[in-house]
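Beneath this line is the structure, given in structure tokens, with notes to follow.
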Amino acid sequence: MATPKSPPNTPPLAGWQKGLLGVAVTAGAAGIGLAVYAATGGDVSSAGDVADGLRTGLVAGARDADPVDATRQAAAEWGDYLWRGALAFVLLFCVGTALRKSLRAAVFVTGVAVMVLVGLHLSGVYDADWSGVRESATGLAERAREKSDHVLETLSEYTVSAITGAIGLIVGFVRA
């Protein structure tokens, strides 16, 4: 008698998904660091040539402004972009993973419910009000559309967050 096969031991995340999450977390930490630097007004003048190179690279074109203030402003902007983008990626990665896991169960339960309803209707046990079912489904779809429009408007305010969030959602939804 043959022994039953056990399911393959697949990791919950593929290597490339772990790599992208690592990049996002690193970018988020760098963004928070830049934001903290800008908020506390860190002194870069004692760092020597490295600080001069960083200052020149971050504020190219701001020749008339005070280099330290311009560096703080650039650090604040980059920090904001980095931490918001990384946060959006990680959060929507989690949403995508949850959708992938729960969508399968939701489709199965909905299919079984529809099959049972149709079976009871065809056997004459239950007289289904199909217009009521259609109205309920239409109302549910309209409410979902309203909520998704609000989410899209919010994400569109922050383009960087929207782009990285969409990538995170796709990466999280893709099966490992």
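Residues are referred to by chain and number: the chain letter is A, B, ... according to the order shown in the structure tokens, the number counts from 1 in that chain, and ligands are numbered separately from 1 in the order shown.
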
Would you write out, as CSV, a table of all residues in stretch 104-176 of chain A that have an atom no more than 8 Å from an atom of stretch 90-95 of chain A, listing for each the closest atom pair and the distance in Å to one decimal, considering only C-alpha atoms and ordering rows by chain and rising residue number?
```
residue,atom,partner,partner_atom,distance
A:Gly165,CA,A:Leu92,CA,5.5
A:Ala166,CA,A:Leu92,CA,7.2
A:Ile167,CA,A:Phe93,CA,8.0
A:Gly168,CA,A:Phe93,CA,4.3
A:Leu169,CA,A:Phe93,CA,4.7
A:Ile170,CA,A:Phe93,CA,7.3
A:Val171,CA,A:Phe93,CA,6.3
A:Gly172,CA,A:Phe93,CA,4.3
A:Phe173,CA,A:Phe93,CA,7.4
```

For the residues selected in the previous step, produce a file with C-alpha atoms as a short mmCIF file (atom, residue, chain, number, x, y, z; two decimals), in the first residue's frame.
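So the final result, stored in part01.cif, reads:
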```cif
data_model
loop_
_atom_site.label_atom_id
_atom_site.label_comp_id
_atom_site.auth_asym_id
_atom_site.auth_seq_id
_atom_site.Cartn_x
_atom_site.Cartn_y
_atom_site.Cartn_z
CA GLY A 165 1.82 50.70 -2.78
CA ALA A 166 0.49 49.33 -6.08
CA ILE A 167 3.73 47.42 -6.58
CA GLY A 168 3.47 46.09 -3.01
CA LEU A 169 -0.13 45.00 -3.59
CA ILE A 170 0.83 43.13 -6.76
CA VAL A 171 3.89 41.54 -5.17
CA GLY A 172 1.87 40.47 -2.14
CA PHE A 173 -0.94 39.04 -4.29
#
```

### Query
Which residue gives the smallest distance to A:Asp69 among A:Gly85, A:Gly41, A:Gly96, A:Gly15, with only C-alpha atoms counted?
A:Gly41

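Note that the spacing between atom CA of A:Arg84 and atom CA of A:Val36 amounts to 14.1 Å.
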